[in-house]
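my_file-v1.txt, holding compact mmCIF, C-alpha atoms:
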```txt
# COMPACT_ATOMS: atom_id res chain seq x y z
CA MET A 225 -5.28 24.52 13.59
CA LYS A 226 -5.88 22.97 10.17
CA LYS A 227 -3.88 19.76 9.73
CA ALA A 228 -2.62 17.87 6.72
CA VAL A 229 -0.44 14.91 5.82
CA VAL A 230 2.00 15.78 3.04
CA VAL A 231 3.66 13.03 1.00
CA TYR A 232 7.20 14.38 0.92
CA SER A 233 10.01 12.72 -0.99
CA GLY A 234 12.71 15.33 -0.51
CA GLY A 235 12.54 16.24 -4.20
CA MET A 236 11.83 19.76 -5.39
CA ASP A 237 8.13 19.26 -6.17
CA SER A 238 7.14 17.81 -2.82
CA PHE A 239 9.48 20.26 -1.03
CA THR A 240 7.63 23.10 -2.70
CA LEU A 241 4.32 21.46 -1.86
CA LEU A 242 5.25 20.98 1.80
CA ASN A 243 6.12 24.64 2.14
CA TYR A 244 3.11 25.73 0.11
CA VAL A 245 0.78 23.79 2.45
CA ILE A 246 2.52 25.29 5.49
CA SER A 247 2.11 28.75 3.94
CA LYS A 248 -1.65 28.10 3.75
CA GLY A 249 -1.72 27.78 7.54
CA TYR A 250 -1.65 24.00 7.93
CA GLU A 251 0.17 22.10 10.63
CA VAL A 252 1.74 19.39 8.51
CA SER A 253 2.78 15.82 9.13
CA ALA A 254 5.30 14.96 6.44
CA LEU A 255 5.38 11.35 5.27
CA SER A 256 8.30 9.88 3.32
CA PHE A 257 8.73 6.38 1.94
CA ASN A 258 11.89 4.36 1.74
CA TYR A 259 10.88 1.90 -0.95
CA GLY A 260 14.40 0.84 -1.79
CA GLN A 261 15.00 3.69 -4.21
CA ARG A 262 18.60 4.22 -5.25
CA HIS A 263 18.32 7.95 -4.72
CA ASN A 264 17.97 7.47 -1.00
CA LYS A 265 19.77 10.77 -0.51
CA GLU A 266 16.44 12.55 -0.99
CA LEU A 267 15.28 10.96 2.26
CA GLU A 268 18.30 12.25 4.17
CA ILE A 269 17.68 15.76 2.99
CA ALA A 270 13.95 15.43 3.73
CA SER A 271 14.79 14.39 7.26
CA TYR A 272 17.32 17.20 7.63
CA PHE A 273 14.81 19.82 6.50
CA CYS A 274 12.00 18.60 8.78
CA THR A 275 14.27 18.45 11.82
CA LYS A 276 15.52 21.95 11.09
CA GLU A 277 11.98 23.32 10.72
CA TYR A 278 10.42 21.30 13.59
CA ILE A 279 8.06 19.56 11.18
CA ASN A 280 6.53 16.25 12.28
CA HIS A 281 8.12 13.71 9.92
CA GLN A 282 7.84 9.95 9.48
CA ILE A 283 10.03 8.00 7.10
CA ILE A 284 8.39 4.66 6.66
CA ASP A 285 10.67 1.88 5.50
CA ILE A 286 8.78 -0.31 3.08
CA SER A 287 11.91 -1.35 1.22
CA ASN A 288 10.93 -5.00 1.63
CA ILE A 289 8.45 -4.43 -1.17
CA LYS A 290 11.45 -4.44 -3.51
CA THR A 291 11.04 -8.19 -3.75
CA LEU A 292 7.63 -7.57 -5.30
CA LEU A 293 8.60 -4.76 -7.61
CA LYS A 294 10.80 -6.15 -10.32
CA GLY A 295 11.90 -4.22 -13.30
CA SER A 296 12.15 -0.60 -12.21
CA ALA A 297 15.38 1.30 -12.71
CA LEU A 298 14.65 3.27 -9.55
CA THR A 299 14.98 0.15 -7.38
CA ASP A 300 16.83 -2.40 -9.53
CA LYS A 301 20.23 -2.59 -11.11
CA ILE A 302 18.91 -1.35 -14.43
CA SER A 303 20.71 1.67 -15.89
CA ILE A 304 18.96 4.95 -15.27
CA PRO A 305 18.07 6.32 -18.70
CA HIS A 306 19.15 9.83 -19.64
CA GLY A 307 16.78 12.41 -21.06
CA HIS A 308 13.20 13.51 -20.64
CA TYR A 309 10.41 11.81 -18.76
CA GLN A 310 8.25 12.01 -21.84
CA ASP A 311 10.56 9.61 -23.70
CA LYS A 312 9.36 6.04 -24.07
CA LYS A 313 12.64 4.78 -22.57
CA MET A 314 11.80 6.48 -19.27
CA GLU A 315 9.18 3.79 -18.66
CA VAL A 316 11.82 1.77 -16.80
CA THR A 317 11.61 4.39 -14.07
CA VAL A 318 8.02 3.34 -13.37
CA VAL A 319 7.67 1.63 -10.00
CA PRO A 320 4.48 -0.36 -10.59
CA ASN A 321 1.53 1.13 -8.78
CA ARG A 322 3.69 3.33 -6.59
CA ASN A 323 1.20 6.08 -5.90
CA MET A 324 -1.57 3.67 -4.99
CA ILE A 325 0.80 2.04 -2.50
CA PHE A 326 1.86 5.42 -1.11
CA LEU A 327 -1.67 6.80 -0.94
CA SER A 328 -3.12 3.70 0.70
CA LEU A 329 -0.50 4.08 3.43
CA ALA A 330 -0.96 7.85 3.63
CA ILE A 331 -4.72 7.37 4.04
CA ALA A 332 -4.11 4.85 6.85
CA TYR A 333 -1.75 7.34 8.48
CA ALA A 334 -4.22 10.20 8.15
CA ILE A 335 -6.97 8.04 9.69
CA SER A 336 -4.67 7.20 12.61
CA LEU A 337 -3.85 10.88 13.17
CA ASN A 338 -7.46 11.93 12.67
CA ILE A 339 -6.43 14.20 9.82
CA ASN A 340 -8.64 14.52 6.77
CA LYS A 341 -6.37 16.01 4.14
CA ILE A 342 -3.46 14.47 2.28
CA TYR A 343 -1.36 16.51 -0.12
CA LEU A 344 0.48 14.85 -3.00
CA GLY A 345 2.83 16.68 -5.36
CA VAL A 346 1.92 15.14 -8.69
CA HIS A 347 2.11 17.55 -11.61
CA SER A 348 1.40 17.78 -15.31
CA GLY A 349 4.90 16.66 -16.33
CA ASP A 350 4.26 13.27 -14.73
CA TYR A 351 1.24 12.30 -16.82
CA GLU A 352 2.87 10.94 -19.94
CA ILE A 353 4.28 7.75 -18.52
CA TYR A 354 3.09 7.60 -14.93
CA TYR A 355 -0.50 6.38 -14.99
CA ASP A 356 -0.82 6.93 -11.29
CA CYS A 357 -0.14 10.66 -11.51
CA ARG A 358 -3.13 11.47 -13.71
CA PRO A 359 -6.18 13.41 -12.57
CA ASN A 360 -8.55 10.47 -13.14
CA PHE A 361 -6.39 8.30 -10.88
CA ILE A 362 -6.59 10.84 -8.05
CA THR A 363 -10.36 11.15 -8.55
CA LYS A 364 -10.75 7.37 -8.20
CA ILE A 365 -8.52 7.27 -5.12
CA ASN A 366 -10.79 9.85 -3.53
CA GLU A 367 -13.84 7.78 -4.45
CA ILE A 368 -12.25 4.83 -2.63
CA SER A 369 -11.24 6.98 0.29
CA LYS A 370 -14.89 7.94 0.76
CA LEU A 371 -15.74 4.28 1.24
CA ILE A 372 -13.16 3.32 3.82
CA HIS A 373 -13.75 5.69 6.66
CA GLU A 374 -16.68 7.59 8.12
CA GLU A 375 -14.74 10.84 8.01
CA LEU A 376 -13.64 11.58 4.51
CA VAL A 377 -9.89 11.67 3.99
CA LYS A 378 -9.31 13.64 0.82
CA VAL A 379 -6.25 13.64 -1.40
CA GLU A 380 -5.43 17.12 -2.67
CA VAL A 381 -3.16 17.70 -5.65
CA PRO A 382 -2.81 21.48 -6.00
CA PHE A 383 0.07 21.18 -8.53
CA ILE A 384 -1.63 18.76 -10.88
CA ASP A 385 -2.04 21.32 -13.66
CA LEU A 386 1.39 22.88 -13.19
CA ASP A 387 4.66 21.82 -14.77
CA LYS A 388 8.01 21.73 -12.97
CA GLU A 389 8.89 25.23 -14.12
CA LYS A 390 5.69 26.69 -12.65
CA ILE A 391 6.12 24.74 -9.42
CA LEU A 392 9.63 26.13 -9.04
CA SER A 393 8.35 29.61 -9.77
CA LYS A 394 5.83 29.16 -6.94
CA GLY A 395 8.68 28.08 -4.64
CA ILE A 396 10.79 31.05 -5.64
CA GLU A 397 7.86 33.32 -4.76
CA LEU A 398 7.75 31.61 -1.36
CA GLY A 399 11.49 32.28 -0.99
CA LEU A 400 12.42 28.59 -0.68
CA ASP A 401 16.00 27.33 -0.52
CA TYR A 402 16.34 24.56 -3.09
CA SER A 403 19.73 23.51 -1.80
CA LEU A 404 17.57 21.60 0.70
CA THR A 405 16.20 19.28 -1.99
CA TRP A 406 17.52 16.37 -4.02
CA SER A 407 16.38 15.20 -7.44
CA CYS A 408 19.09 13.04 -9.09
CA TYR A 409 18.11 9.40 -9.57
CA GLU A 410 21.71 8.17 -9.47
CA GLY A 411 22.31 8.70 -5.79
CA GLY A 412 25.91 9.94 -6.12
CA ASP A 413 27.57 12.64 -4.01
CA LYS A 414 26.85 15.28 -6.61
CA SER A 415 23.93 15.36 -9.02
CA CYS A 416 24.68 13.63 -12.35
CA GLY A 417 23.01 16.29 -14.50
CA LYS A 418 21.99 13.64 -17.04
CA CYS A 419 19.13 11.57 -15.66
CA GLY A 420 15.52 12.63 -16.30
CA ALA A 421 15.20 14.15 -12.84
CA CYS A 422 18.35 16.29 -13.26
CA VAL A 423 17.58 17.33 -16.84
CA GLU A 424 14.11 18.57 -15.93
CA ARG A 425 15.31 20.23 -12.75
CA LEU A 426 17.99 22.15 -14.63
CA GLU A 427 15.51 23.21 -17.29
CA ALA A 428 13.08 24.45 -14.66
CA PHE A 429 15.81 26.63 -13.12
CA LYS A 430 16.92 27.88 -16.53
CA ASN A 431 13.36 28.80 -17.49
CA ASN A 432 13.01 30.69 -14.23
CA SER A 433 16.32 32.48 -14.96
CA LYS A 434 17.76 31.11 -11.74
CA GLN A 435 20.87 29.14 -10.82
CA ASP A 436 20.30 25.72 -9.26
CA PRO A 437 22.09 25.84 -5.89
CA LEU A 438 23.04 22.13 -6.10
CA GLU A 439 26.45 21.01 -7.31
CA TYR A 440 26.68 18.92 -10.46
CA GLN A 441 29.35 16.48 -11.59
CA MET B 234 -1.41 -22.29 -17.77
CA LYS B 235 -3.77 -19.74 -16.18
CA LYS B 236 -2.04 -17.80 -13.42
CA ALA B 237 -3.27 -15.91 -10.39
CA VAL B 238 -1.96 -14.10 -7.32
CA VAL B 239 -3.84 -15.17 -4.18
CA VAL B 240 -3.75 -13.00 -1.07
CA TYR B 241 -3.24 -15.70 1.54
CA SER B 242 -3.14 -15.01 5.26
CA GLY B 243 -3.01 -18.59 6.53
CA GLY B 244 -6.54 -18.26 7.94
CA MET B 245 -9.34 -20.59 6.94
CA ASP B 246 -11.00 -18.29 4.38
CA SER B 247 -7.90 -17.54 2.34
CA PHE B 248 -6.71 -21.17 2.74
CA THR B 249 -10.00 -22.30 1.22
CA LEU B 250 -9.69 -19.65 -1.48
CA LEU B 251 -6.12 -20.68 -2.34
CA ASN B 252 -7.17 -24.29 -2.79
CA TYR B 253 -10.35 -23.30 -4.62
CA VAL B 254 -8.33 -21.26 -7.14
CA ILE B 255 -5.89 -24.17 -7.59
CA SER B 256 -8.86 -26.50 -8.13
CA LYS B 257 -9.98 -24.21 -10.99
CA GLY B 258 -6.70 -24.97 -12.79
CA TYR B 259 -4.68 -21.90 -11.87
CA GLU B 260 -0.98 -21.83 -11.14
CA VAL B 261 -1.00 -19.64 -8.06
CA SER B 262 1.46 -17.24 -6.49
CA ALA B 263 0.45 -16.88 -2.87
CA LEU B 264 1.12 -13.52 -1.24
CA SER B 265 1.13 -13.02 2.54
CA PHE B 266 1.69 -9.86 4.53
CA ASN B 267 3.47 -9.49 7.81
CA TYR B 268 2.00 -6.19 8.96
CA GLY B 269 2.95 -6.64 12.58
CA GLN B 270 -0.14 -8.67 13.45
CA ARG B 271 -0.01 -10.42 16.80
CA HIS B 272 -1.32 -13.63 15.28
CA ASN B 273 1.86 -14.10 13.33
CA LYS B 274 1.38 -17.84 13.66
CA GLU B 275 -0.92 -17.73 10.63
CA LEU B 276 2.10 -16.76 8.53
CA GLU B 277 4.12 -19.73 9.76
CA ILE B 278 1.36 -22.12 8.85
CA ALA B 279 0.89 -20.38 5.48
CA SER B 280 4.57 -20.87 4.77
CA TYR B 281 4.46 -24.51 5.90
CA PHE B 282 1.50 -25.29 3.63
CA CYS B 283 2.99 -23.62 0.54
CA THR B 284 6.34 -25.35 1.00
CA LYS B 285 4.60 -28.69 1.43
CA GLU B 286 2.50 -28.17 -1.72
CA TYR B 287 5.25 -26.54 -3.84
CA ILE B 288 3.25 -23.34 -4.16
CA ASN B 289 5.12 -20.15 -5.04
CA HIS B 290 4.84 -18.03 -1.88
CA GLN B 291 6.06 -14.60 -0.85
CA ILE B 292 5.71 -13.26 2.66
CA ILE B 293 6.26 -9.56 2.45
CA ASP B 294 7.31 -7.87 5.66
CA ILE B 295 5.63 -4.50 5.88
CA SER B 296 5.59 -4.51 9.67
CA ASN B 297 7.23 -1.07 9.66
CA ILE B 298 3.83 0.34 8.80
CA LYS B 299 2.90 -0.35 12.44
CA THR B 300 4.25 3.09 13.24
CA LEU B 301 1.54 4.53 10.99
CA LEU B 302 -1.31 2.35 12.16
CA LYS B 303 -2.18 3.28 15.67
CA GLY B 304 -5.16 1.96 17.50
CA SER B 305 -5.79 -1.53 16.17
CA ALA B 306 -5.97 -4.46 18.58
CA LEU B 307 -4.46 -6.68 15.89
CA THR B 308 -1.19 -4.78 15.97
CA ASP B 309 -1.19 -2.86 19.26
CA LYS B 310 -1.29 -3.78 22.91
CA ILE B 311 -5.05 -3.29 23.07
CA SER B 312 -7.00 -6.28 24.45
CA ILE B 313 -8.53 -8.45 21.77
CA PRO B 314 -12.29 -8.27 22.31
CA HIS B 315 -14.29 -11.49 22.69
CA GLY B 316 -17.41 -12.23 20.71
CA HIS B 317 -18.74 -11.70 17.21
CA TYR B 318 -17.36 -9.50 14.45
CA GLN B 319 -20.74 -7.86 14.09
CA ASP B 320 -20.44 -6.32 17.56
CA LYS B 321 -19.54 -2.66 17.77
CA LYS B 322 -16.64 -3.47 20.10
CA MET B 323 -14.93 -5.45 17.34
CA GLU B 324 -14.11 -2.17 15.64
CA VAL B 325 -10.78 -2.13 17.49
CA THR B 326 -9.75 -5.04 15.25
CA VAL B 327 -9.91 -2.73 12.23
CA VAL B 328 -6.48 -2.02 10.76
CA PRO B 329 -7.12 1.25 8.94
CA ASN B 330 -7.26 0.80 5.21
CA ARG B 331 -5.70 -2.64 5.33
CA ASN B 332 -7.19 -4.07 2.15
CA MET B 333 -6.29 -1.03 0.08
CA ILE B 334 -2.70 -1.39 1.29
CA PHE B 335 -2.71 -5.13 0.57
CA LEU B 336 -4.36 -4.77 -2.83
CA SER B 337 -2.11 -1.94 -3.97
CA LEU B 338 0.87 -4.19 -3.22
CA ALA B 339 -0.80 -7.25 -4.73
CA ILE B 340 -1.50 -5.28 -7.93
CA ALA B 341 2.15 -4.19 -8.06
CA TYR B 342 3.20 -7.81 -7.60
CA ALA B 343 0.81 -9.05 -10.28
CA ILE B 344 2.12 -6.41 -12.71
CA SER B 345 5.69 -7.53 -11.99
CA LEU B 346 4.80 -11.18 -12.59
CA ASN B 347 2.70 -10.32 -15.64
CA ILE B 348 -0.34 -11.93 -14.03
CA ASN B 349 -3.75 -10.38 -14.48
CA LYS B 350 -5.82 -11.94 -11.74
CA ILE B 351 -5.71 -11.41 -7.99
CA TYR B 352 -7.91 -13.42 -5.64
CA LEU B 353 -8.95 -12.02 -2.28
CA GLY B 354 -10.95 -13.96 0.31
CA VAL B 355 -13.33 -11.31 1.60
CA HIS B 356 -16.77 -12.64 2.50
CA SER B 357 -20.18 -11.49 3.64
CA GLY B 358 -19.33 -11.82 7.36
CA ASP B 359 -16.72 -9.10 6.99
CA TYR B 360 -19.04 -6.33 5.76
CA GLU B 361 -20.45 -5.05 9.02
CA ILE B 362 -17.36 -3.36 10.36
CA TYR B 363 -14.73 -3.68 7.68
CA TYR B 364 -15.43 -1.02 5.06
CA ASP B 365 -12.71 -2.39 2.84
CA CYS B 366 -14.34 -5.80 2.49
CA ARG B 367 -17.52 -4.53 0.85
CA PRO B 368 -18.47 -5.15 -2.77
CA ASN B 369 -18.43 -1.43 -3.67
CA PHE B 370 -14.86 -1.18 -2.35
CA ILE B 371 -13.72 -4.04 -4.59
CA THR B 372 -15.53 -2.47 -7.57
CA LYS B 373 -13.67 0.82 -7.01
CA ILE B 374 -10.34 -0.97 -6.61
CA ASN B 375 -10.92 -2.58 -9.99
CA GLU B 376 -11.77 0.80 -11.51
CA ILE B 377 -8.41 2.08 -10.24
CA SER B 378 -6.61 -1.01 -11.41
CA LYS B 379 -7.88 -0.32 -14.95
CA LEU B 380 -6.13 3.04 -14.85
CA ILE B 381 -2.70 1.99 -13.69
CA HIS B 382 -1.61 -0.56 -16.22
CA GLU B 383 -2.23 -1.26 -19.88
CA GLU B 384 -3.10 -4.85 -19.11
CA LEU B 385 -5.98 -5.01 -16.71
CA VAL B 386 -5.19 -6.63 -13.38
CA LYS B 387 -8.51 -7.68 -11.92
CA VAL B 388 -9.32 -8.42 -8.30
CA GLU B 389 -11.66 -11.40 -7.97
CA VAL B 390 -13.64 -12.06 -4.79
CA PRO B 391 -15.49 -15.34 -5.38
CA PHE B 392 -16.51 -15.68 -1.71
CA ILE B 393 -17.95 -12.20 -1.31
CA ASP B 394 -21.53 -13.43 -1.01
CA LEU B 395 -20.69 -16.40 1.20
CA ASP B 396 -20.43 -16.53 4.98
CA LYS B 397 -17.79 -18.45 6.91
CA GLU B 398 -20.01 -21.51 7.21
CA LYS B 399 -20.52 -21.74 3.44
CA ILE B 400 -16.82 -21.16 2.77
CA LEU B 401 -15.96 -24.01 5.12
CA SER B 402 -18.54 -26.20 3.44
CA LYS B 403 -16.82 -25.48 0.09
CA GLY B 404 -13.50 -26.48 1.65
CA ILE B 405 -14.93 -29.68 3.08
CA GLU B 406 -16.21 -30.54 -0.43
CA LEU B 407 -12.67 -29.98 -1.69
CA GLY B 408 -11.40 -32.34 1.05
CA LEU B 409 -9.18 -29.70 2.69
CA ASP B 410 -7.30 -30.27 5.93
CA TYR B 411 -8.07 -27.34 8.24
CA SER B 412 -5.39 -28.32 10.72
CA LEU B 413 -3.19 -26.42 8.23
CA THR B 414 -4.83 -23.08 9.06
CA TRP B 415 -4.77 -20.62 11.94
CA SER B 416 -7.47 -18.18 13.00
CA CYS B 417 -6.98 -17.10 16.64
CA TYR B 418 -6.07 -13.42 17.07
CA GLU B 419 -4.25 -14.02 20.34
CA GLY B 420 -1.22 -15.76 18.90
CA GLY B 421 -0.85 -18.33 21.71
CA ASP B 422 0.25 -21.96 21.31
CA LYS B 423 -3.32 -23.17 21.25
CA SER B 424 -6.34 -21.24 19.98
CA CYS B 425 -8.07 -19.19 22.68
CA GLY B 426 -11.61 -20.12 21.61
CA LYS B 427 -12.89 -16.70 22.72
CA CYS B 428 -11.77 -14.02 20.26
CA GLY B 429 -13.97 -13.14 17.29
CA ALA B 430 -11.90 -15.26 14.92
CA CYS B 431 -12.15 -18.37 17.15
CA VAL B 432 -15.84 -17.91 17.93
CA GLU B 433 -16.80 -17.66 14.27
CA ARG B 434 -14.50 -20.50 13.26
CA LEU B 435 -16.02 -22.82 15.87
CA GLU B 436 -19.54 -21.86 14.79
CA ALA B 437 -18.72 -22.57 11.16
CA PHE B 438 -17.51 -26.07 12.09
CA LYS B 439 -20.51 -26.69 14.29
CA ASN B 440 -22.93 -25.59 11.56
CA ASN B 441 -21.18 -27.96 9.16
CA SER B 442 -21.47 -30.76 11.77
CA LYS B 443 -17.70 -31.14 11.78
CA GLN B 444 -15.03 -31.11 14.46
CA ASP B 445 -12.38 -28.37 14.19
CA PRO B 446 -9.03 -30.22 14.00
CA LEU B 447 -7.25 -27.42 15.93
CA GLU B 448 -6.60 -27.69 19.66
CA TYR B 449 -8.21 -25.13 21.96
CA GLN B 450 -7.14 -23.92 25.40
```

Go ahead and express the file in the form of structure tokens.
Amino acid sequence: MKKAVVVYSGGMDSFTLLNYVISKGYEVSALSFNYGQRHNKELEIASYFCTKEYINHQIIDISNIKTLLKGSALTDKISIPHGHYQDKKMEVTVVPNRNMIFLSLAIAYAISLNINKIYLGVHSGDYEIYYDCRPNFITKINEISKLIHEELVKVEVPFIDLDKEKILSKGIELGLDYSLTWSCYEGGDKSCGKCGACVERLEAFKNNSKQDPLEYQ
Amino acid sequence: MKKAVVVYSGGMDSFTLLNYVISKGYEVSALSFNYGQRHNKELEIASYFCTKEYINHQIIDISNIKTLLKGSALTDKISIPHGHYQDKKMEVTVVPNRNMIFLSLAIAYAISLNINKIYLGVHSGDYEIYYDCRPNFITKINEISKLIHEELVKVEVPFIDLDKEKILSKGIELGLDYSLTWSCYEGGDKSCGKCGACVERLEAFKNNSKQDPLEYQ
């Protein structure tokens, strides 16, 4: 059976990706990172979903790296800005070099499991402010990956040209249940509806003429 | 004052590097990783040296990644092989993708500290079996680094063309005290004198006509 590691945060993009990869016939090993993010609830729901679906799942706690990563609203006590990712003010949600950290660990994991594909759910809406979500970044990561192991481990980003709306539409086609995802950066009991993650999630549902199954404050 | 992050394991190469970078007039931030290595003693000595010399030092505990990294003698209960690094059997000392993991974190740290230089002590003796110590790997890492931040963070590897003997000779010139380093992979009270790290350390001292100040079993 074809095998793949899927970087899975518990958010709607990587949830869609995980299910998309499964639908392509892969046996997946889901990999989640606890990097000290405030919206830790996404990890709980990721774990819940994988247990329910008998998916191999590792949550790797690298939250100690918080001491290195100063100045991100996702890990520090900085207010989460409201609005769109494309806004300049959303730069405080950048965790420096996050995807290189994640992918270097995912590559190590794939090597250990003898798996040669890693799926990552970056998409076109991430480009503006997240350097490490851009196509040229992924290309370079794959160039490095070629150097570090005899058997090529390749990072695949099938959603890189899609926006959140199109990703959701793919998930709707697959019949996915988005109540099993979490997006809000605030980490409250209900989604705030105001942070970048909520705003874009709600828009994606609206543009797909669907109701988001999550509850909002 | 010029500033640099130095990846510092507590071993003789990175100890020499740390002092070499200081001798070039840099204010250094030393960065060590606890990745679950058995020879944890190198971290204790790294910490001791930095405290003694008032060097900014962070030991970042990423030992949880052990669950991802199966099959390395440095982290698992596999016997440490005796002999030279160049031997095929030393491959079990490879921690998959270790330098990419370390450098992705070091780059994040440098970005947080607003520092644009990272020093890494890879050298010519590492090439044979460690893919991620080769010049083309470092070149690619720097190509990635260019993409992820407006201000270029550059990885410098001043010892990449030197072997252990020449690195030690540099350290002797600088008047360094190698009793403040640790190399043995076994992690016992005294160095074993038989593992790859001990064998090469002893040879480097012998070829420099010096006595290793460490005690051996």

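Near range 433-440 of chain A, within a cut-off of 6 Å and counting all atoms listed in the file, sit the residues Ser403, Lys414, Ser415 and Cys416 of chain A, with same-chain residues fewer than 5 positions away left out.
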
Interface residues on chain B facing chain A, 6 Å, all atoms listed in the file, written as a short mmCIF file (atom, residue, chain, number, x, y, z; two decimals) with C-alpha atoms, in the coordinates of the input:
```cif
data_model
loop_
_atom_site.label_atom_id
_atom_site.label_comp_id
_atom_site.auth_asym_id
_atom_site.auth_seq_id
_atom_site.Cartn_x
_atom_site.Cartn_y
_atom_site.Cartn_z
CA ILE B 295 5.63 -4.50 5.88
CA LEU B 301 1.54 4.53 10.99
CA LEU B 302 -1.31 2.35 12.16
CA LYS B 303 -2.18 3.28 15.67
CA PRO B 329 -7.12 1.25 8.94
CA ASN B 330 -7.26 0.80 5.21
CA MET B 333 -6.29 -1.03 0.08
CA ILE B 334 -2.70 -1.39 1.29
CA SER B 337 -2.11 -1.94 -3.97
CA ALA B 341 2.15 -4.19 -8.06
CA TYR B 342 3.20 -7.81 -7.60
CA SER B 345 5.69 -7.53 -11.99
CA TYR B 364 -15.43 -1.02 5.06
CA ASP B 365 -12.71 -2.39 2.84
CA ILE B 381 -2.70 1.99 -13.69
#
```

Practice prompt. Please provide as a count of residues only all residues within 9 Å of Val390 in chain B, with the sequence filter that same-chain residues fewer than 5 positions apart are discarded (counting all atoms listed in the file).
Written response: 8

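The two atoms in question, CA of Cys419 in chain A and CA of Thr405 in chain A, are spaced 16.0 Å apart.
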
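The spacing separating CA of Val239 in chain B from CA of Leu435 in chain B amounts to 24.7 Å.
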
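What separates CA of Leu251 in chain B from CA of Met234 in chain B is a distance of 16.2 Å.
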
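Of the listed residues (A:Lys341, A:Lys394, A:Lys276, A:Lys248), A:Lys341 comes nearest to Lys227 in chain A; the distances count all atoms listed in the file.
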
Could you add N, CA and C atoms to range 279-290 of chain B and give me the result as a compact mmCIF listing (two decimals), keeping the file's coordinate frame?
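Output file result-v9.txt is given in full below:
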```txt
# COMPACT_ATOMS: atom_id res chain seq x y z
N ALA B 279 1.01 -20.67 6.91
CA ALA B 279 0.89 -20.38 5.48
C ALA B 279 2.15 -20.84 4.75
N SER B 280 3.28 -20.51 5.36
CA SER B 280 4.57 -20.87 4.77
C SER B 280 4.73 -22.39 4.73
N TYR B 281 4.35 -23.05 5.81
CA TYR B 281 4.46 -24.51 5.90
C TYR B 281 3.63 -25.17 4.79
N PHE B 282 2.39 -24.68 4.63
CA PHE B 282 1.50 -25.29 3.63
C PHE B 282 2.04 -25.10 2.21
N CYS B 283 2.51 -23.88 1.91
CA CYS B 283 2.99 -23.62 0.54
C CYS B 283 4.26 -24.42 0.22
N THR B 284 5.13 -24.56 1.21
CA THR B 284 6.34 -25.35 1.00
C THR B 284 5.95 -26.81 0.72
N LYS B 285 5.07 -27.30 1.55
CA LYS B 285 4.60 -28.69 1.43
C LYS B 285 3.97 -28.96 0.05
N GLU B 286 3.23 -27.98 -0.46
CA GLU B 286 2.50 -28.17 -1.72
C GLU B 286 3.22 -27.57 -2.94
N TYR B 287 4.47 -27.14 -2.74
CA TYR B 287 5.25 -26.54 -3.84
C TYR B 287 4.53 -25.36 -4.49
N ILE B 288 3.93 -24.54 -3.66
CA ILE B 288 3.25 -23.34 -4.16
C ILE B 288 4.20 -22.15 -4.01
N ASN B 289 4.33 -21.38 -5.08
CA ASN B 289 5.12 -20.15 -5.04
C ASN B 289 4.54 -19.23 -3.96
N HIS B 290 5.36 -18.80 -3.02
CA HIS B 290 4.84 -18.03 -1.88
C HIS B 290 5.81 -16.92 -1.49
```
